[in-house]
file structure-v8.cif (mmCIF, C-alpha atoms)
data_upload
#
loop_
_atom_site.label_atom_id
_atom_site.label_comp_id
_atom_site.auth_asym_id
_atom_site.auth_seq_id
_atom_site.Cartn_x
_atom_site.Cartn_y
_atom_site.Cartn_z
CA MET A 1 100.71 112.81 15.76
CA THR A 2 103.67 111.52 17.79
CA ALA A 3 105.25 108.10 17.39
CA LYS A 4 103.90 107.09 20.81
CA GLN A 5 100.34 108.04 19.77
CA VAL A 6 100.70 105.94 16.61
CA VAL A 7 102.05 102.96 18.57
CA LEU A 8 99.32 103.30 21.21
CA ALA A 9 96.64 103.27 18.50
CA GLU A 10 98.23 100.17 16.92
CA TYR A 11 98.47 98.48 20.32
CA LEU A 12 94.79 99.07 21.11
CA ARG A 13 93.72 97.67 17.74
CA ALA A 14 96.00 94.64 18.07
CA ARG A 15 94.85 93.80 21.62
CA ARG A 16 91.21 94.22 20.62
CA ALA A 17 91.70 91.85 17.67
CA ALA A 18 93.47 89.29 19.88
CA LEU A 19 90.54 88.92 22.31
CA LYS A 20 88.07 86.10 21.73
CA PRO A 21 84.51 87.40 22.36
CA GLU A 22 83.45 84.21 24.14
CA ASP A 23 86.39 84.56 26.57
CA VAL A 24 85.05 87.87 27.88
CA GLY A 25 81.36 86.99 28.13
CA TYR A 26 79.95 87.65 24.66
CA PRO A 27 77.87 84.85 23.07
CA PRO A 28 79.07 83.24 19.83
CA ASP A 29 77.89 85.18 16.79
CA PRO A 30 78.25 83.49 13.38
CA GLN A 31 77.50 86.87 11.75
CA ARG A 32 80.53 88.53 13.37
CA ARG A 33 82.75 89.98 10.66
CA VAL A 34 85.61 91.36 12.74
CA ARG A 35 88.44 89.46 14.38
CA GLY A 36 88.27 89.84 18.14
CA LEU A 37 86.02 92.41 19.78
CA ARG A 38 84.18 95.22 18.07
CA ARG A 39 85.11 98.79 18.98
CA GLU A 40 81.73 99.36 20.60
CA GLU A 41 82.25 96.26 22.78
CA VAL A 42 85.58 97.55 24.09
CA ALA A 43 84.02 100.97 24.75
CA GLU A 44 81.13 99.32 26.58
CA ARG A 45 83.46 97.19 28.72
CA ALA A 46 85.58 100.23 29.54
CA GLY A 47 82.61 102.48 30.32
CA ILE A 48 83.60 105.15 27.81
CA SER A 49 81.85 106.50 24.72
CA LEU A 50 82.35 104.82 21.37
CA GLU A 51 83.36 108.16 19.85
CA TYR A 52 86.13 108.62 22.41
CA TYR A 53 87.44 105.09 21.93
CA VAL A 54 87.46 105.51 18.14
CA ARG A 55 89.59 108.64 18.57
CA LEU A 56 92.05 106.64 20.69
CA GLU A 57 92.38 103.98 17.98
CA GLN A 58 92.95 106.76 15.45
CA GLY A 59 95.82 108.19 17.49
CA GLN A 60 93.90 111.30 18.53
CA ASN A 61 94.73 110.93 22.21
CA HIS A 62 96.09 114.13 23.68
CA ARG A 63 95.66 113.35 27.35
CA ILE A 64 94.22 110.16 28.85
CA SER A 65 93.44 109.88 32.54
CA GLU A 66 94.76 106.98 34.59
CA GLN A 67 91.15 106.06 35.34
CA VAL A 68 90.44 105.57 31.63
CA LEU A 69 93.70 103.66 31.16
CA GLU A 70 92.82 101.27 33.96
CA ALA A 71 89.36 100.78 32.43
CA LEU A 72 90.92 100.05 29.03
CA ALA A 73 93.37 97.57 30.59
CA ARG A 74 90.44 95.68 32.13
CA ALA A 75 88.37 95.88 28.94
CA LEU A 76 91.23 94.45 26.86
CA ASP A 77 92.07 91.84 29.52
CA LEU A 78 95.71 92.98 29.71
CA ASP A 79 98.18 91.25 32.02
CA ASP A 80 100.55 93.24 34.25
CA SER A 81 103.11 93.68 31.46
CA GLY A 82 100.46 94.80 28.99
CA ARG A 83 99.06 97.27 31.52
CA SER A 84 102.52 98.71 32.19
CA TYR A 85 103.15 99.08 28.47
CA LEU A 86 99.78 100.78 27.96
CA TYR A 87 100.60 103.31 30.70
CA LYS A 88 104.09 103.84 29.27
CA LEU A 89 102.64 104.72 25.86
CA ALA A 90 99.83 106.95 27.14
CA LEU A 91 101.39 108.88 30.01
CA PRO A 92 104.34 111.30 29.96
CA SER A 93 107.25 110.11 32.07
CA PRO A 94 110.91 110.90 32.69
CA SER A 95 111.79 108.10 30.28
CA ASP A 96 110.43 110.28 27.48
CA THR A 97 113.69 112.23 27.75
CA ARG A 98 116.14 110.34 25.59
CA LEU A 99 119.10 108.81 27.44
CA GLN A 100 122.30 110.74 26.92
CA GLU A 101 125.16 108.96 25.18
CA THR A 102 127.15 108.91 28.43
CA ASP A 103 124.38 106.86 30.04
CA HIS A 104 125.23 104.03 27.66
CA GLU A 105 128.73 103.64 29.04
CA VAL A 106 129.67 100.81 31.38
CA THR A 107 131.57 102.16 34.37
CA PRO A 108 135.17 100.98 34.90
CA ARG A 109 134.16 99.41 38.20
CA LEU A 110 131.42 97.36 36.54
CA ARG A 111 133.78 96.32 33.75
CA ALA A 112 136.30 95.15 36.35
CA LEU A 113 133.58 93.18 38.15
CA LEU A 114 132.49 91.37 35.00
CA ASP A 115 136.07 90.62 34.00
CA GLN A 116 136.54 88.98 37.41
CA TRP A 117 133.54 86.71 36.77
CA ALA A 118 135.75 84.31 34.84
CA GLY A 119 133.29 81.45 35.31
CA THR A 120 130.15 83.44 34.51
CA SER A 121 128.96 84.55 31.10
CA ALA A 122 127.74 88.16 31.28
CA GLU A 123 126.75 90.76 28.70
CA ILE A 124 125.45 94.31 29.07
CA PHE A 125 123.06 95.81 26.53
CA ASP A 126 120.72 98.78 26.16
CA ARG A 127 116.95 99.02 25.73
CA ASN A 128 117.29 98.45 21.96
CA GLN A 129 119.29 95.28 22.78
CA ASP A 130 122.52 96.67 21.33
CA LEU A 131 125.44 94.94 23.07
CA ILE A 132 127.71 97.33 24.97
CA PHE A 133 130.01 95.05 26.96
CA VAL A 134 130.79 91.31 26.76
CA ASN A 135 133.10 89.39 29.07
CA SER A 136 135.45 86.66 27.84
CA LEU A 137 133.18 83.68 28.56
CA ALA A 138 130.18 85.31 26.87
CA ALA A 139 132.35 85.99 23.81
CA ALA A 140 133.47 82.34 23.78
CA LEU A 141 129.86 81.13 23.99
CA ALA A 142 128.91 82.95 20.80
CA PRO A 143 132.07 83.74 18.81
CA GLY A 144 131.43 86.20 16.04
CA TYR A 145 128.09 87.20 17.56
CA SER A 146 128.64 88.36 21.15
CA ILE A 147 130.55 91.47 20.14
CA PRO A 148 129.89 95.02 21.38
CA GLY A 149 127.87 96.83 18.72
CA ASN A 150 125.90 93.77 17.66
CA ASN A 151 122.19 93.57 18.43
CA TYR A 152 120.45 90.67 20.22
CA VAL A 153 117.29 90.81 18.11
CA VAL A 154 119.13 91.11 14.79
CA MET A 155 121.40 88.18 15.78
CA MET A 156 118.35 86.13 16.73
CA PHE A 157 116.91 86.47 13.22
CA GLU A 158 120.23 85.76 11.55
CA THR A 159 119.58 82.15 12.57
CA PRO A 160 119.21 80.06 9.36
CA LEU A 161 115.65 79.05 8.55
CA GLU A 162 116.48 75.35 8.97
CA ASN A 163 117.36 75.96 12.64
CA ARG A 164 114.13 77.77 13.46
CA SER A 165 112.00 74.64 13.80
CA ASN A 166 113.27 74.40 17.37
CA GLU A 167 110.32 75.53 19.51
CA ARG A 168 112.72 76.97 22.06
CA TRP A 169 114.12 79.25 19.34
CA ARG A 170 110.62 80.55 18.61
CA GLU A 171 109.94 81.19 22.29
CA THR A 172 113.24 83.05 22.73
CA ALA A 173 112.78 85.03 19.52
CA ARG A 174 109.20 85.97 20.46
CA ASP A 175 110.34 87.08 23.93
CA SER A 176 113.18 89.15 22.45
CA VAL A 177 110.78 90.98 20.14
CA ALA A 178 108.27 91.52 22.97
CA ALA A 179 111.06 92.95 25.14
CA LEU A 180 112.21 95.23 22.32
CA ARG A 181 108.69 96.63 22.05
CA PHE A 182 108.31 96.96 25.85
CA HIS A 183 111.62 98.69 26.62
CA ALA A 184 112.50 100.70 23.52
CA ASP A 185 111.42 104.28 22.95
CA PRO A 186 108.99 104.51 19.98
CA ASP A 187 110.60 107.86 19.07
CA ASP A 188 114.12 106.40 18.96
CA PRO A 189 115.55 106.29 15.40
CA ARG A 190 117.60 103.24 16.39
CA LEU A 191 114.41 101.27 17.10
CA ARG A 192 113.01 102.20 13.69
CA GLN A 193 116.29 101.15 12.08
CA ILE A 194 116.13 97.69 13.71
CA VAL A 195 112.47 97.18 12.81
CA ASP A 196 112.96 98.29 9.20
CA GLN A 197 115.96 95.98 8.85
CA LEU A 198 114.08 92.93 10.15
CA MET A 199 110.58 93.49 8.73
CA PRO A 200 111.30 91.45 5.55
CA ASP A 201 111.85 88.42 7.82
CA ALA A 202 108.54 86.53 8.06
CA ASP A 203 109.11 85.34 11.64
CA PHE A 204 110.07 88.78 12.90
CA ARG A 205 107.13 90.36 11.09
CA GLU A 206 104.74 87.86 12.71
CA PHE A 207 106.07 88.55 16.22
CA TRP A 208 106.30 92.34 15.81
CA LEU A 209 102.79 92.73 14.40
CA ALA A 210 101.39 90.66 17.28
CA HIS A 211 102.14 93.71 19.49
CA GLU A 212 103.16 91.59 22.46
CA ALA A 213 105.04 93.67 25.03
CA ARG A 214 106.73 92.34 28.17
CA PRO A 215 109.95 93.10 30.02
CA PHE A 216 113.14 91.09 30.08
CA SER A 217 113.12 88.28 32.62
CA SER A 218 114.63 84.79 32.48
CA GLY A 219 114.36 81.60 30.49
CA LEU A 220 116.21 79.03 28.40
CA ALA A 221 117.98 79.88 25.16
CA PRO A 222 119.27 77.32 22.64
CA ASN A 223 122.97 77.81 21.96
CA PHE A 224 125.51 75.87 19.90
CA VAL A 225 128.73 75.42 21.87
CA ASP A 226 131.72 74.64 19.67
CA GLY A 227 133.10 71.22 20.52
CA TYR A 228 130.09 70.33 22.66
CA GLY A 229 126.93 70.76 20.57
CA TRP A 230 123.50 72.28 21.12
CA VAL A 231 122.51 73.04 24.70
CA GLU A 232 119.80 75.09 26.41
CA LEU A 233 121.39 77.79 28.53
CA PRO A 234 119.37 79.23 31.44
CA PHE A 235 119.65 83.02 31.59
CA GLN A 236 118.61 85.82 33.93
CA VAL A 237 118.32 89.47 32.89
CA LEU A 238 119.09 92.10 35.55
CA ASP A 239 118.60 95.87 35.54
CA VAL A 240 121.77 97.97 35.53
CA PRO A 241 121.73 101.63 36.68
CA GLY A 242 121.63 104.03 33.74
CA GLY A 243 118.87 102.28 31.81
CA LEU A 244 120.95 99.25 30.85
CA PHE A 245 120.49 95.50 31.29
CA MET A 246 122.76 92.54 32.09
CA ASN A 247 122.24 89.05 30.71
CA VAL A 248 123.84 86.38 32.92
CA ILE A 249 124.02 82.64 32.18
CA VAL A 250 123.20 80.68 35.37
CA PRO A 251 123.53 76.91 34.73
CA GLU A 252 122.86 74.26 37.35
CA PRO A 253 125.93 72.20 38.37
CA ASP A 254 126.19 68.76 36.73
CA SER A 255 123.67 69.72 34.04
CA PRO A 256 124.19 69.77 30.24
CA ALA A 257 124.44 73.57 30.42
CA GLY A 258 126.90 73.33 33.30
CA PHE A 259 129.03 70.79 31.40
CA ALA A 260 129.01 73.05 28.33
CA ILE A 261 130.24 76.01 30.39
CA GLU A 262 132.96 73.86 32.01
CA HIS A 263 133.99 72.68 28.54
CA LEU A 264 134.38 76.27 27.33
CA LEU A 265 136.28 77.34 30.44
CA ALA A 266 138.70 74.44 29.99
CA ARG A 267 139.22 75.38 26.34
CA LEU A 268 139.99 78.94 27.38
CA ARG A 269 142.59 77.64 29.84
CA GLY A 270 144.24 75.41 27.23
CA PRO A 271 143.83 72.23 25.14
CA ASP A 272 145.19 69.90 27.84
CA ASP A 273 142.54 71.03 30.34
CA ALA A 274 139.83 70.62 27.69
CA ASP A 275 140.89 67.04 26.85
CA GLU A 276 141.04 66.08 30.52
CA LEU A 277 137.61 67.58 31.21
CA ASP A 278 136.05 65.82 28.20
CA GLU A 279 137.35 62.48 29.49
CA THR A 280 136.00 63.17 32.98
CA GLN A 281 132.57 64.17 31.66
CA ALA A 282 132.43 61.12 29.38
CA GLU A 283 133.20 58.82 32.34
CA ALA A 284 130.55 60.57 34.44
CA SER A 285 127.96 60.15 31.68
CA ALA A 286 128.82 56.45 31.26
CA ALA A 287 128.55 55.87 35.02
CA ALA A 288 125.17 57.60 35.08
CA ARG A 289 123.88 55.23 32.38
#
call {"tool": "encode", "arguments": {"input": "structure-v8.cif", "output": "structure tokens"}}
result
Amino acid sequence: MTAKQVVLAEYLRARRAALKPEDVGYPPDPQRRVRGLRREEVAERAGISLEYYVRLEQGQNHRISEQVLEALARALDLDDSGRSYLYKLALPSPSDTRLQETDHEVTPRLRALLDQWAGTSAEIFDRNQDLIFVNSLAAALAPGYSIPGNNYVVMMFETPLENRSNERWRETARDSVAALRFHADPDDPRLRQIVDQLMPDADFREFWLAHEARPFSSGLAPNFVDGYGWVELPFQVLDVPGGLFMNVIVPEPDSPAGFAIEHLLARLRGPDDADELDETQAEASAAAR
């Protein structure tokens, strides 16, 4: 049994357990002993035999047609991301061929571009969320963390427990884990290394075992900016040729995030610029009040 077959079986079981029977047309049943739908209910909704569905949940899927996959996606009420992930696990694709090491290199032209983005925080990482390249502003935003070789997900769960009560942290952490599941190759030893390292963490274990899978997109991430304080930074993740991704911070002008970025840029230019900017921002805040 391949790793993808094992993960597919786990995904089917998790999605079945996550469905509420009443949400898909089944009447309440106080005698129900399983969480979510029964196997026979999923098979009925998908129009396939119970025996065949049981084999799928046991990882005995050698070849599944797209017709059956679409029926399963409807039966399990999957969204677009869930459907894409289901297809990725069940169907062979060029992505099954592991990326060569050279594909993880950032081209000199791209490095030069990011270095020229002096006012934009940008990082490049791979499908396991290992950082490959970090420009100067990104490094200043998270000193000691935004370093090539570090891993986004691991860094997320290095956050002290007392700082995890922030709901935004939970949203960002949950999204990071869902993206790791969606993009990473189940056969990749690096993925297994990350999961094994983080499984003792209760929050990671909760998110990972929920089997949520969705691609990188955009959002707000809490970040402590030295000399400024906590701020929510809006980010956008972009695809980079070669199977890589770029995380770019895109703050609105005259916003807390924008002020935090300006503060860091001034510090990078020198202490005099930083002091002058702090005075200007303080006056602007007082005038606004």
call {"tool": "atom_distance", "arguments": {"input": "structure-v8.cif", "atom1": "CA of Ser218 in chain A", "atom2": "CA of Asp23 in chain A"}}
result
28.9 Å
call {"tool": "residues_around", "arguments": {"input": "structure-v8.cif", "residues": "range 145-159 of chain A", "least_positions_apart": "2", "cutoff": "10 Å", "atoms": "all atoms listed in the file", "output": "VMD selection string"}}
result
chain A and resid 123 to 126 128 to 143 161 to 164 169 to 170 172 to 177 179 to 180 194 to 195 197 to 198 201 to 204
call {"tool": "atom_distance", "arguments": {"input": "structure-v8.cif", "atom1": "CA of Ala210 in chain A", "atom2": "CA of Ala14 in chain A"}}
result
6.7 Å
call {"tool": "resolve_selection", "arguments": {"input": "structure-v8.cif", "expression": "the PyMOL selection byres ((chain A and resi 52) around 12)", "output": "count of residues only"}}
result
25
call {"tool": "residues_around", "arguments": {"input": "structure-v8.cif", "residues": "Val250 in chain A", "least_positions_apart": "4", "cutoff": "9 Å", "atoms": "only C-alpha atoms", "output": "ChimeraX atom specification"}}
result
/A:120-121,233-236,257-258
call {"tool": "resolve_selection", "arguments": {"input": "structure-v8.cif", "expression": "the PyMOL selection byres ((chain A and resi 78) around 12)", "output": "list in words"}}
result
Tyr11, Leu12, Ala14, Arg15, Arg16, Ala18, Leu19, Val24, Leu69, Glu70, Ala71, Leu72, Ala73, Arg74, Ala75, Leu76, Asp77, Asp79, Asp80, Ser81, Gly82, Arg83, Ser84, Tyr85, Leu86, Tyr87, Glu212, Ala213 and Arg214 of chain A
call {"tool": "atom_distance", "arguments": {"input": "structure-v8.cif", "atom1": "CA of Arg192 in chain A", "atom2": "CA of Glu171 in chain A"}}
result
22.9 Å
call {"tool": "closest_residue", "arguments": {"input": "structure-v8.cif", "among": "A:Gly144, A:Phe216, A:Arg109, A:Leu37", "to": "Arg127 in chain A", "atoms": "only C-alpha atoms"}}
result
A:Phe216
call {"tool": "closest_residue", "arguments": {"input": "structure-v8.cif", "among": "A:Ala90, A:Ser65, A:Ile249, A:Gly119", "to": "Glu262 in chain A", "atoms": "only C-alpha atoms"}}
result
A:Gly119
call {"tool": "build_atoms", "arguments": {"input": "structure-v8.cif", "residues": "range 237-257 of chain A", "atoms": "N, CA and C atoms", "output": "compact mmCIF listing (two decimals), in the frame of the given file"}}
result
# COMPACT_ATOMS: atom_id res chain seq x y z
N VAL A 237 118.03 88.09 33.27
CA VAL A 237 118.32 89.47 32.89
C VAL A 237 118.11 90.36 34.11
N LEU A 238 119.11 91.20 34.39
CA LEU A 238 119.09 92.10 35.55
C LEU A 238 119.15 93.54 35.08
N ASP A 239 118.50 94.44 35.82
CA ASP A 239 118.60 95.87 35.54
C ASP A 239 119.95 96.39 36.00
N VAL A 240 120.52 97.30 35.19
CA VAL A 240 121.77 97.97 35.53
C VAL A 240 121.49 99.47 35.58
N PRO A 241 121.96 100.18 36.62
CA PRO A 241 121.73 101.63 36.68
C PRO A 241 122.15 102.32 35.39
N GLY A 242 121.35 103.31 34.98
CA GLY A 242 121.63 104.03 33.74
C GLY A 242 120.78 103.55 32.58
N GLY A 243 119.75 102.73 32.87
CA GLY A 243 118.87 102.28 31.81
C GLY A 243 119.42 101.14 31.00
N LEU A 244 120.37 100.38 31.56
CA LEU A 244 120.95 99.25 30.85
C LEU A 244 120.48 97.94 31.47
N PHE A 245 120.88 96.82 30.83
CA PHE A 245 120.49 95.50 31.29
C PHE A 245 121.69 94.56 31.20
N MET A 246 121.70 93.55 32.09
CA MET A 246 122.76 92.54 32.09
C MET A 246 122.15 91.17 31.91
N ASN A 247 122.67 90.43 30.94
CA ASN A 247 122.24 89.05 30.71
C ASN A 247 123.30 88.11 31.28
N VAL A 248 122.90 87.27 32.24
CA VAL A 248 123.84 86.38 32.92
C VAL A 248 123.39 84.94 32.70
N ILE A 249 124.31 84.07 32.32
CA ILE A 249 124.02 82.64 32.18
C ILE A 249 124.21 81.98 33.55
N VAL A 250 123.18 81.26 34.02
CA VAL A 250 123.20 80.68 35.37
C VAL A 250 122.87 79.19 35.31
N PRO A 251 123.82 78.35 34.85
CA PRO A 251 123.53 76.91 34.73
C PRO A 251 123.58 76.19 36.07
N GLU A 252 122.79 75.13 36.18
CA GLU A 252 122.86 74.26 37.35
C GLU A 252 124.12 73.39 37.26
N PRO A 253 124.77 73.11 38.40
CA PRO A 253 125.93 72.20 38.37
C PRO A 253 125.50 70.82 37.87
N ASP A 254 126.41 70.13 37.22
CA ASP A 254 126.19 68.76 36.73
C ASP A 254 124.98 68.66 35.80
N SER A 255 124.73 69.72 35.05
CA SER A 255 123.67 69.72 34.04
C SER A 255 124.32 69.86 32.67
N PRO A 256 123.59 69.56 31.57
CA PRO A 256 124.19 69.77 30.24
C PRO A 256 124.72 71.19 30.06
N ALA A 257 123.97 72.18 30.54
CA ALA A 257 124.44 73.57 30.42
C ALA A 257 125.70 73.78 31.24
